[in-house]
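S.K.: I'm passing along upload_3.tsv; it holds TSV, C-alpha atoms.
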chain	number	residue	atom	x	y	z
A	20	MET	CA	-39.90	32.09	-17.48
A	21	ASP	CA	-37.24	29.44	-18.11
A	22	GLU	CA	-34.31	29.72	-20.50
A	23	LEU	CA	-36.06	27.96	-23.37
A	24	ASP	CA	-39.07	30.25	-23.14
A	25	LYS	CA	-36.75	33.25	-23.39
A	26	LEU	CA	-35.24	31.66	-26.47
A	27	LYS	CA	-38.71	31.00	-27.86
A	28	SER	CA	-39.65	34.66	-27.86
A	29	SER	CA	-36.44	35.52	-29.70
A	30	TRP	CA	-36.92	32.53	-32.05
A	31	LYS	CA	-40.20	33.92	-33.30
A	32	LYS	CA	-38.75	37.39	-33.87
A	33	GLU	CA	-35.91	35.93	-35.94
A	34	GLU	CA	-38.31	34.79	-38.69
A	35	ASN	CA	-37.38	37.65	-41.02
A	36	THR	CA	-33.64	37.48	-40.41
A	37	TYR	CA	-33.05	34.21	-42.26
A	38	PRO	CA	-31.56	34.24	-45.75
A	39	LYS	CA	-34.15	34.01	-48.52
A	40	PHE	CA	-33.45	31.56	-51.31
A	41	SER	CA	-35.13	32.33	-54.62
A	42	GLU	CA	-37.03	29.73	-56.65
A	43	LYS	CA	-34.05	29.64	-59.00
A	44	ASP	CA	-31.72	28.81	-56.07
A	45	ILE	CA	-34.07	26.02	-54.97
A	46	TYR	CA	-34.30	24.59	-58.52
A	47	ALA	CA	-30.51	24.46	-58.61
A	48	MET	CA	-30.40	22.66	-55.25
A	49	LEU	CA	-32.84	19.96	-56.45
A	50	HIS	CA	-30.35	18.86	-59.07
A	51	LYS	CA	-27.33	18.72	-56.77
A	52	LYS	CA	-26.02	15.38	-55.52
A	53	SER	CA	-27.26	14.12	-52.19
A	54	SER	CA	-24.74	13.22	-49.48
A	55	SER	CA	-27.26	11.13	-47.56
A	56	ILE	CA	-25.91	8.13	-45.66
A	57	VAL	CA	-28.63	5.94	-47.21
A	58	LYS	CA	-27.17	6.70	-50.63
A	59	TRP	CA	-23.70	5.75	-49.39
A	60	ILE	CA	-24.96	2.56	-47.77
A	61	LEU	CA	-26.60	1.59	-51.06
A	62	ILE	CA	-23.43	2.29	-53.06
A	63	ILE	CA	-21.15	0.44	-50.63
A	64	SER	CA	-23.53	-2.50	-50.29
A	65	ILE	CA	-23.86	-2.95	-54.06
A	66	ALA	CA	-20.06	-2.70	-54.32
A	67	GLU	CA	-19.75	-5.45	-51.70
A	68	PHE	CA	-22.17	-7.77	-53.49
A	69	VAL	CA	-20.41	-7.11	-56.81
A	70	PHE	CA	-16.99	-7.68	-55.23
A	71	TRP	CA	-17.90	-11.06	-53.75
A	72	ILE	CA	-19.76	-12.24	-56.83
A	73	SER	CA	-16.91	-11.21	-59.17
A	74	LEU	CA	-14.39	-12.83	-56.83
A	75	SER	CA	-16.21	-16.14	-57.09
A	76	PHE	CA	-16.26	-15.85	-60.90
A	77	LEU	CA	-12.58	-14.95	-61.04
A	78	LEU	CA	-11.65	-17.86	-58.80
A	79	LYS	CA	-13.57	-20.23	-61.06
A	80	ASP	CA	-11.13	-19.50	-63.87
A	81	SER	CA	-7.99	-19.65	-61.73
A	82	PRO	CA	-5.34	-22.36	-62.40
A	83	ASN	CA	-6.19	-23.93	-59.01
A	84	ALA	CA	-9.84	-24.25	-59.97
A	85	ARG	CA	-8.82	-25.85	-63.29
A	86	ASN	CA	-6.58	-28.29	-61.40
A	87	MET	CA	-9.52	-29.17	-59.19
A	88	GLN	CA	-11.63	-30.04	-62.20
A	89	THR	CA	-9.17	-32.83	-63.00
A	90	LEU	CA	-9.81	-34.35	-59.59
A	91	ASN	CA	-13.43	-35.23	-60.49
A	92	ILE	CA	-14.96	-33.88	-57.31
A	93	ASP	CA	-18.03	-32.35	-58.97
A	94	TYR	CA	-20.24	-34.20	-56.51
A	95	ILE	CA	-18.84	-31.79	-53.88
A	96	THR	CA	-18.25	-28.59	-55.87
A	97	THR	CA	-21.61	-28.52	-57.70
A	98	PRO	CA	-23.83	-28.55	-54.55
A	99	MET	CA	-21.42	-26.08	-52.95
A	100	SER	CA	-21.75	-23.59	-55.79
A	101	ILE	CA	-25.56	-24.02	-55.79
A	102	ILE	CA	-25.64	-23.22	-52.04
A	103	SER	CA	-23.29	-20.26	-52.58
A	104	ASN	CA	-25.50	-18.78	-55.32
A	105	GLY	CA	-28.57	-19.41	-53.17
A	106	ILE	CA	-26.94	-17.43	-50.33
A	107	ILE	CA	-26.26	-14.50	-52.67
A	108	LEU	CA	-29.81	-14.46	-54.06
A	109	TYR	CA	-31.32	-14.70	-50.58
A	110	PHE	CA	-29.30	-11.78	-49.21
A	111	VAL	CA	-29.77	-9.56	-52.28
A	112	TYR	CA	-33.53	-10.11	-51.87
A	113	ILE	CA	-33.45	-9.34	-48.11
A	114	PHE	CA	-31.31	-6.26	-48.72
A	115	TYR	CA	-33.65	-4.99	-51.44
A	116	MET	CA	-36.79	-5.52	-49.31
A	117	ARG	CA	-35.25	-3.72	-46.34
A	118	TYR	CA	-33.91	-0.91	-48.49
A	119	LYS	CA	-37.40	-0.35	-49.94
A	120	LYS	CA	-38.74	0.01	-46.41
A	121	ILE	CA	-36.52	3.04	-45.64
A	122	SER	CA	-38.77	6.07	-45.71
A	123	VAL	CA	-37.77	9.57	-44.67
A	124	THR	CA	-41.41	10.23	-43.68
A	125	ASP	CA	-41.30	7.60	-40.90
A	126	ASP	CA	-40.64	8.65	-37.32
A	127	ALA	CA	-36.95	9.12	-36.50
A	128	LYS	CA	-36.61	5.88	-34.52
A	129	THR	CA	-38.24	3.70	-37.22
A	130	LEU	CA	-36.13	5.36	-39.92
A	131	MET	CA	-32.93	4.67	-37.98
A	132	GLN	CA	-34.00	1.09	-37.27
A	133	ASN	CA	-34.74	0.43	-40.95
A	134	ILE	CA	-31.39	1.86	-42.05
A	135	LEU	CA	-29.52	-0.24	-39.50
A	136	LYS	CA	-31.48	-3.37	-40.51
A	137	THR	CA	-30.65	-2.79	-44.19
A	138	ARG	CA	-27.00	-2.38	-43.33
A	139	LYS	CA	-27.14	-5.48	-41.16
A	140	ALA	CA	-28.41	-7.58	-44.09
A	141	VAL	CA	-25.15	-6.88	-45.94
A	142	SER	CA	-22.98	-7.43	-42.85
A	143	VAL	CA	-24.67	-10.78	-42.20
A	144	TYR	CA	-24.15	-11.68	-45.86
A	145	ILE	CA	-20.43	-10.92	-45.61
A	146	PHE	CA	-20.03	-12.98	-42.44
A	147	VAL	CA	-22.09	-15.89	-43.78
A	148	ASN	CA	-19.99	-15.69	-46.92
A	149	ILE	CA	-16.73	-15.77	-44.97
A	150	ALA	CA	-17.95	-18.64	-42.79
A	151	TYR	CA	-19.13	-20.54	-45.86
A	152	SER	CA	-15.82	-19.90	-47.65
A	153	VAL	CA	-13.88	-21.21	-44.66
A	154	LEU	CA	-16.11	-24.29	-44.45
A	155	SER	CA	-15.83	-24.88	-48.18
A	156	ALA	CA	-12.04	-24.50	-48.01
A	157	ILE	CA	-11.84	-27.10	-45.20
A	158	ILE	CA	-14.03	-29.58	-47.12
A	159	ILE	CA	-12.08	-29.08	-50.33
A	160	VAL	CA	-8.70	-29.40	-48.59
A	161	ILE	CA	-9.83	-32.69	-47.00
A	162	VAL	CA	-11.09	-33.98	-50.36
A	163	ILE	CA	-7.89	-32.88	-52.11
A	164	PHE	CA	-5.75	-34.56	-49.47
A	165	ASN	CA	-7.63	-37.78	-50.20
A	166	THR	CA	-7.68	-37.57	-53.98
A	167	ASP	CA	-4.69	-35.56	-55.23
A	168	ALA	CA	-1.89	-37.96	-56.20
A	169	GLY	CA	0.92	-35.38	-55.80
A	170	LEU	CA	-0.23	-34.39	-52.35
A	171	ASN	CA	-0.63	-38.03	-51.35
A	172	THR	CA	2.99	-38.65	-52.31
A	173	LEU	CA	4.09	-35.73	-50.12
A	174	VAL	CA	2.05	-37.09	-47.17
A	175	HIS	CA	3.58	-40.53	-47.66
A	176	GLN	CA	7.08	-39.06	-47.86
A	177	ALA	CA	6.46	-37.18	-44.62
A	178	GLU	CA	5.08	-40.38	-43.08
A	179	ASP	CA	8.18	-42.35	-44.17
A	180	ASN	CA	10.44	-39.69	-42.64
A	181	GLY	CA	8.40	-39.79	-39.44
A	182	ASN	CA	7.26	-36.17	-40.00
A	183	LYS	CA	3.56	-36.77	-40.67
A	184	LEU	CA	2.42	-34.81	-37.60
A	185	LEU	CA	4.82	-31.96	-38.39
A	186	PHE	CA	3.55	-31.84	-41.98
A	187	TYR	CA	-0.08	-31.49	-40.90
A	188	LEU	CA	0.87	-29.00	-38.19
A	189	VAL	CA	2.71	-26.73	-40.67
A	190	ALA	CA	-0.22	-26.92	-43.11
A	191	PHE	CA	-2.66	-26.11	-40.29
A	192	ILE	CA	-0.63	-23.14	-38.92
A	193	PHE	CA	-0.13	-21.77	-42.44
A	194	SER	CA	-3.90	-21.91	-43.09
A	195	ILE	CA	-4.67	-20.23	-39.75
A	196	ILE	CA	-2.23	-17.37	-40.49
A	197	ILE	CA	-3.71	-16.76	-43.96
A	198	LEU	CA	-7.23	-16.85	-42.51
A	199	GLY	CA	-6.24	-14.54	-39.62
A	200	ILE	CA	-4.79	-11.94	-41.99
A	201	PHE	CA	-7.90	-12.11	-44.15
A	202	ILE	CA	-10.28	-11.64	-41.19
A	203	LEU	CA	-8.14	-8.80	-39.77
A	204	VAL	CA	-8.20	-6.91	-43.08
A	205	MET	CA	-11.97	-7.37	-43.35
A	206	TRP	CA	-12.49	-6.20	-39.77
A	207	LEU	CA	-10.34	-3.09	-40.27
A	208	PHE	CA	-12.19	-2.31	-43.49
A	209	TYR	CA	-15.53	-2.51	-41.72
A	210	ARG	CA	-14.37	-0.47	-38.75
A	211	LEU	CA	-13.14	2.25	-41.08
A	212	ILE	CA	-15.99	2.43	-43.58
A	213	TYR	CA	-18.94	1.93	-41.30
A	214	GLY	CA	-17.35	3.55	-38.27
A	215	LEU	CA	-17.13	6.75	-40.26
A	216	LEU	CA	-20.49	6.39	-41.94
A	217	LEU	CA	-22.72	5.18	-39.14
A	218	LYS	CA	-21.11	6.54	-35.98
A	219	ARG	CA	-23.54	9.45	-35.69
A	220	LEU	CA	-26.56	7.32	-36.55
A	221	TYR	CA	-25.70	4.73	-33.89
A	222	LYS	CA	-25.19	7.49	-31.34
A	223	ASN	CA	-28.57	9.07	-32.10
A	224	PHE	CA	-30.34	5.71	-32.16
A	225	GLU	CA	-28.88	4.83	-28.76
A	226	GLU	CA	-29.98	8.23	-27.44
A	227	LEU	CA	-33.58	7.61	-28.62
A	228	LYS	CA	-33.57	4.14	-27.08
A	229	LYS	CA	-32.28	5.62	-23.82
A	230	ILE	CA	-35.12	8.17	-23.71
A	231	ASP	CA	-37.71	5.45	-24.16
A	232	PHE	CA	-36.15	3.01	-21.70
B	21	MET	CA	-37.82	25.46	-65.77
B	22	GLY	CA	-39.24	22.04	-64.88
B	23	SER	CA	-42.39	19.93	-64.64
B	24	SER	CA	-45.54	21.27	-63.01
B	25	ILE	CA	-44.93	19.00	-60.00
B	26	GLU	CA	-41.44	20.41	-59.70
B	27	SER	CA	-42.62	23.99	-59.88
B	28	SER	CA	-45.41	23.33	-57.36
B	29	PHE	CA	-42.82	21.84	-55.00
B	30	VAL	CA	-40.37	24.70	-55.48
B	31	GLN	CA	-43.10	27.28	-54.88
B	32	GLN	CA	-44.24	25.65	-51.65
B	33	LEU	CA	-40.70	25.20	-50.44
B	34	GLN	CA	-39.79	28.77	-51.26
B	35	GLU	CA	-42.80	29.94	-49.30
B	36	HIS	CA	-42.04	27.79	-46.26
B	37	GLN	CA	-38.25	27.87	-46.42
B	38	ASN	CA	-37.97	29.39	-42.94
B	39	LEU	CA	-38.86	26.01	-41.52
B	40	ILE	CA	-35.66	24.57	-42.99
B	41	HIS	CA	-33.58	27.59	-42.03
B	42	LYS	CA	-34.68	27.14	-38.45
B	43	ILE	CA	-33.52	23.52	-38.41
B	44	CYS	CA	-30.21	24.53	-39.99
B	45	ARG	CA	-29.96	27.24	-37.34
B	46	LEU	CA	-29.86	24.60	-34.59
B	47	TYR	CA	-27.83	21.92	-36.34
B	48	THR	CA	-25.09	23.98	-37.94
B	49	ASN	CA	-22.93	26.82	-36.80
B	50	ASN	CA	-21.47	28.36	-39.89
B	51	GLU	CA	-22.83	29.67	-43.15
B	52	ASP	CA	-21.41	26.92	-45.40
B	53	ALA	CA	-22.76	24.13	-43.22
B	54	HIS	CA	-26.12	25.92	-43.02
B	55	LYS	CA	-26.37	26.01	-46.82
B	56	ASP	CA	-25.12	22.45	-47.13
B	57	LEU	CA	-27.77	21.10	-44.75
B	58	PHE	CA	-30.45	23.27	-46.37
B	59	GLN	CA	-29.54	21.73	-49.72
B	60	GLU	CA	-29.63	18.15	-48.40
B	61	ILE	CA	-33.04	18.75	-46.77
B	62	THR	CA	-34.31	20.21	-50.05
B	63	ILE	CA	-33.11	17.13	-51.97
B	64	GLN	CA	-34.70	14.75	-49.45
B	65	LEU	CA	-37.98	16.71	-49.50
B	66	TRP	CA	-38.01	16.55	-53.28
B	67	LYS	CA	-37.29	12.81	-53.29
B	68	ALA	CA	-40.09	12.24	-50.78
B	69	PHE	CA	-42.51	14.65	-52.49
B	70	PRO	CA	-44.34	11.89	-54.47
B	71	GLN	CA	-45.37	10.45	-51.08
B	72	PHE	CA	-46.90	13.77	-50.05
B	73	ARG	CA	-50.58	13.37	-50.78
B	74	GLY	CA	-51.74	16.77	-49.66
B	75	ASP	CA	-53.99	15.36	-46.93
B	76	SER	CA	-51.72	17.00	-44.38
B	77	LYS	CA	-50.25	20.47	-44.51
B	78	PHE	CA	-47.04	20.85	-46.49
B	79	THR	CA	-45.30	22.19	-43.40
B	80	THR	CA	-46.39	19.28	-41.15
B	81	TRP	CA	-45.03	16.82	-43.70
B	82	ALA	CA	-41.90	18.86	-44.31
B	83	TYR	CA	-41.07	19.12	-40.57
B	84	ARG	CA	-40.65	15.37	-40.31
B	85	VAL	CA	-38.59	14.94	-43.47
B	86	ALA	CA	-36.39	17.91	-42.59
B	87	LEU	CA	-35.77	16.75	-39.02
B	88	ASN	CA	-35.07	13.18	-40.15
B	89	THR	CA	-32.54	14.50	-42.62
B	90	ALA	CA	-30.80	16.59	-39.97
B	91	ILE	CA	-30.74	13.80	-37.36
B	92	THR	CA	-30.25	10.70	-39.50
B	93	LEU	CA	-29.44	11.10	-43.17
B	94	TYR	CA	-27.16	14.09	-43.31
B	95	ARG	CA	-23.42	13.54	-43.61
B	96	LYS	CA	-21.56	16.63	-42.55
B	97	LYS	CA	-19.24	17.82	-45.29
B	98	THR	CA	-17.83	20.88	-43.64
B	99	ARG	CA	-16.16	21.08	-40.29
B	100	THR	CA	-17.80	23.27	-37.68
B	101	ILE	CA	-16.23	26.56	-36.73
B	102	ASN	CA	-16.65	28.88	-33.81
B	103	THR	CA	-20.31	29.33	-32.91
B	104	ILE	CA	-19.91	33.00	-32.06
B	105	GLU	CA	-18.69	33.81	-35.56
B	106	PHE	CA	-21.88	32.46	-37.08
B	107	ASP	CA	-24.22	33.88	-34.45
B	108	SER	CA	-22.96	37.36	-35.03
B	109	THR	CA	-22.99	37.24	-38.82
B	110	LEU	CA	-25.84	35.27	-40.31
B	111	HIS	CA	-28.50	35.78	-37.70
B	112	LYS	CA	-28.03	39.23	-36.34
B	113	VAL	CA	-31.30	40.13	-34.72
B	114	ASN	CA	-32.71	43.57	-35.31
B	115	GLN	CA	-31.00	46.03	-32.99
B	116	GLU	CA	-34.21	47.96	-32.37
B	117	GLU	CA	-35.95	44.95	-30.89
B	118	TYR	CA	-33.23	43.97	-28.44
B	119	ASN	CA	-30.94	45.74	-26.17
B	120	TYR	CA	-27.33	44.65	-26.09
B	121	GLU	CA	-27.65	42.67	-22.86
B	122	GLU	CA	-30.60	40.67	-24.11
B	123	GLU	CA	-28.86	40.00	-27.38
B	124	GLU	CA	-25.81	38.69	-25.53
B	125	HIS	CA	-28.01	36.45	-23.43
B	126	ILE	CA	-29.76	35.02	-26.50
B	127	LYS	CA	-26.39	34.40	-28.09
B	128	LEU	CA	-25.32	32.44	-25.00
B	129	LEU	CA	-28.56	30.49	-25.12
B	130	TYR	CA	-27.92	29.49	-28.73
B	131	GLN	CA	-24.39	28.47	-27.84
B	132	ALA	CA	-25.79	26.31	-25.04
B	133	VAL	CA	-28.30	24.69	-27.42
B	134	HIS	CA	-25.46	23.94	-29.85
B	135	GLN	CA	-23.82	21.89	-27.10
B	136	LEU	CA	-26.81	19.55	-26.91
B	137	ASN	CA	-26.83	16.29	-28.86
B	138	ASP	CA	-28.82	15.82	-32.09
B	139	ILE	CA	-31.90	14.31	-30.43
B	140	GLU	CA	-32.01	16.96	-27.72
B	141	LYS	CA	-31.80	19.64	-30.42
B	142	ALA	CA	-34.78	18.03	-32.19
B	143	LEU	CA	-36.81	18.25	-28.99
B	144	VAL	CA	-35.75	21.86	-28.47
B	145	PHE	CA	-36.63	22.70	-32.07
B	146	MET	CA	-40.14	21.30	-31.75
B	147	TYR	CA	-40.59	23.00	-28.39
B	148	LEU	CA	-39.58	26.35	-29.89
B	149	GLU	CA	-42.03	25.69	-32.72
B	150	ASP	CA	-44.85	25.20	-30.19
B	151	LYS	CA	-45.41	21.58	-31.16
B	152	ASP	CA	-47.39	19.60	-28.60
B	153	TYR	CA	-45.91	16.53	-26.93
B	154	THR	CA	-48.07	14.17	-28.99
B	155	GLU	CA	-46.48	15.46	-32.19
B	156	ILE	CA	-42.99	15.55	-30.67
B	157	ALA	CA	-43.37	11.92	-29.56
B	158	GLU	CA	-44.75	10.82	-32.94
B	159	THR	CA	-41.98	12.55	-34.88
B	160	LEU	CA	-39.23	10.97	-32.83
B	161	GLY	CA	-40.89	7.58	-32.29
B	162	ILE	CA	-40.85	7.78	-28.50
B	163	SER	CA	-43.65	7.85	-25.91
B	164	GLU	CA	-45.31	11.13	-24.96
B	165	VAL	CA	-44.44	10.71	-21.28
B	166	ASN	CA	-40.79	10.14	-22.07
B	167	ALA	CA	-40.76	13.14	-24.41
B	168	ARG	CA	-41.96	15.31	-21.49
B	169	VAL	CA	-39.41	13.83	-19.09
B	170	LYS	CA	-36.61	14.37	-21.61
B	171	MET	CA	-37.71	17.95	-22.25
B	172	ASN	CA	-37.52	18.74	-18.54
B	173	ARG	CA	-34.06	17.19	-18.39
B	174	ILE	CA	-32.95	19.31	-21.35
B	175	LYS	CA	-34.15	22.46	-19.57
B	176	GLY	CA	-32.09	21.42	-16.55
B	177	LYS	CA	-29.09	20.67	-18.73
B	178	LEU	CA	-29.28	24.08	-20.40
B	179	LYS	CA	-29.48	25.77	-17.03
B	180	LYS	CA	-26.35	23.90	-15.98
B	181	ILE	CA	-24.48	24.87	-19.15
B	182	LEU	CA	-25.42	28.52	-18.67
B	183	ASN	CA	-24.71	28.60	-14.93
B	184	PRO	CA	-21.84	26.16	-14.37
Can you turn what I pasted into structure tokens?
M.R.:
Amino acid sequence: MDELDKLKSSWKKEENTYPKFSEKDIYAMLHKKSSSIVKWILIISIAEFVFWISLSFLLKDSPNARNMQTLNIDYITTPMSIISNGIILYFVYIFYMRYKKISVTDDAKTLMQNILKTRKAVSVYIFVNIAYSVLSAIIIVIVIFNTDAGLNTLVHQAEDNGNKLLFYLVAFIFSIIILGIFILVMWLFYRLIYGLLLKRLYKNFEELKKIDF
Amino acid sequence: MGSSIESSFVQQLQEHQNLIHKICRLYTNNEDAHKDLFQEITIQLWKAFPQFRGDSKFTTWAYRVALNTAITLYRKKTRTINTIEFDSTLHKVNQEEYNYEEEEHIKLLYQAVHQLNDIEKALVFMYLEDKDYTEIAETLGISEVNARVKMNRIKGKLKKILNP
């Protein structure tokens, strides 16, 4: 008789030693709030979508955006905002479809896979969004450099002083630093939120994959 | 108190609540955590209840939901405390059925099981519940052969924990 079989015989005898919850206790439990990670993933994901969408609306009304309207570069900004909205709609749809697929009655491995896939849809959205924002920023900066009269004067002044290269270099380094800080903050945020939330799930998923290797 | 569906669910759960207690027994080691996990499993069972069509037994359906909650969905709220404290309070086995030595040995066995990871505990739970390897494999989403291999490894691991 191995150790687990010894435990099994005790396990069966323990049946009547467990606490007994009444129907009233169980009713009360049904109306308590769940602390399930799926619920948290849903809340955080919706918050992320809302954050990025509101950010784009807020930026539209910023003084910089109003300045840009005077530059008459709608031929660039209009397609860019259509693509940006398309990206949002696509990822909200993917997220919703994957979220609907999460079922607690699936086997453990499928359930974990579906949760991780749902989460991944939002992560991919964030990274696509960042990449698209960076690309948009580069395009807009190039267009502004070519169309903004004030900026053109500055470039010409730098050119006259023989500092054209230095001017571009400073602008480039400044942009890289701002971008670096932004990416670092995002990365730390993700490490913190999802590290805490999904650490156990990843560990268990890896364990299941290892068993079936 | 609630709708007829709700009362049917509560009745069935009340009747089969030991199933959930047993899972809590393996995944928690203090009374607060036990109640916390029990509550989360109850909520998840209730949320999934519309999918329960009655073509399988309530317990068969509930096993899967309860285990999935313990392994995947549950976020621990309370920090774990000493295993011994819990073992000697909540689940004191009837003195008449065990002698002291046996009781001590069982306590050590539970402590060893608590050292296993979540997936290993799920396998142990289903083994203790006399589930066959087909059901164990289906519940976890692994192959039957690998479930057997893993079970043998767990037995070895427990032996090692108990006899270092």
S.K.: For chain B versus chain A, which residues have an atom no more than 7 Å away, and what is each residue's nearest atom pair and distance in Å rounded to one decimal, using all atoms listed in the file, chain-then-number order, as a tab-separated table?
M.R.:
residue	atom	partner	partner_atom	distance
B:Val30	CA	A:Glu42	CA	6.2
B:Gln31	CA	A:Glu42	CA	6.8
B:Gln34	CA	A:Glu42	CA	6.1
B:Asn38	CA	A:Glu34	CA	6.9
B:His41	CA	A:Tyr37	CA	6.6
B:Gln59	CA	A:Met48	CA	5.7
B:Glu60	CA	A:Ser53	CA	6.0
B:Thr62	CA	A:Leu49	CA	6.6
B:Ile63	CA	A:Leu49	CA	5.3
B:Trp66	CA	A:Leu49	CA	7.0
B:Arg84	CA	A:Thr124	CA	6.2
B:Val85	CA	A:Thr124	CA	5.5
B:Asn88	CA	A:Ala127	CA	5.8
B:Thr92	CA	A:Leu220	CA	5.8
B:Leu93	CA	A:Ser55	CA	4.9
B:Tyr94	CA	A:Ser55	CA	5.2
B:Arg95	CA	A:Ser55	CA	6.0
B:His111	CA	A:Thr36	CA	6.1
B:Val113	CA	A:Glu33	CA	6.4
B:Ile126	CA	A:Leu26	CA	6.4
B:Leu129	CA	A:Leu26	CA	6.9
B:Asp138	CA	A:Asn223	CA	6.8
B:Ile139	CA	A:Asn223	CA	6.4
B:Leu148	CA	A:Lys27	CA	5.1
B:Glu158	CA	A:Asp126	CA	6.4
B:Thr159	CA	A:Asp126	CA	4.8
B:Leu160	CA	A:Ala127	CA	4.7
B:Gly161	CA	A:Lys128	CA	5.1
B:Ile162	CA	A:Asp231	CA	5.8
B:Ser163	CA	A:Asp231	CA	6.6
B:Asn166	CA	A:Asp231	CA	6.0
B:Lys170	CA	A:Ile230	CA	6.7
B:Lys175	CA	A:Leu23	CA	7.0
S.K.: How many Å separate atom CA of A:Gln132 from atom CA of B:Ala90?
M.R.: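 Those two atoms sit 16.1 Å apart.
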S.K.: What are the centre and the three edge lengths of an axis-aligned box that wraps all atoms of stretch 161-177 of chain A in the file, given that 3 Å is added to every side, written as AutoDock Vina command-line options and rounded to one decimal in Å?
M.R.:
--center_x -2.0 --center_y -36.6 --center_z -50.4 --size_x 24.2 --size_y 13.8 --size_z 17.6
S.K.: Hey, can you check how far atom CA of B:Met146 sits from atom CA of B:Thr80?
M.R.: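 Atom-to-atom, atom CA of B:Met146 to atom CA of B:Thr80, that is 11.5 Å.
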S.K.: What is the distance, in Å and to one decimal place, between atom CA of A:Met99 and atom CA of A:Lys79?
M.R.: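 Value for the atom CA of A:Met99-atom CA of A:Lys79 distance: 12.7 Å.
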S.K.: Go through B:Glu140, B:Glu164, B:Glu26, B:Asp150 and flag the residue nearest B:Leu65, using all atoms listed in the file for the distances.
M.R.: B:Glu26
S.K.: Just want the 10 Å neighbourhood of A:Val147, counted on only C-alpha atoms, with same-chain residues fewer than 4 positions away dropped. Output as a PyMOL selection string.
M.R.: chain A and resi 103+106-107+110+141-143+151-153
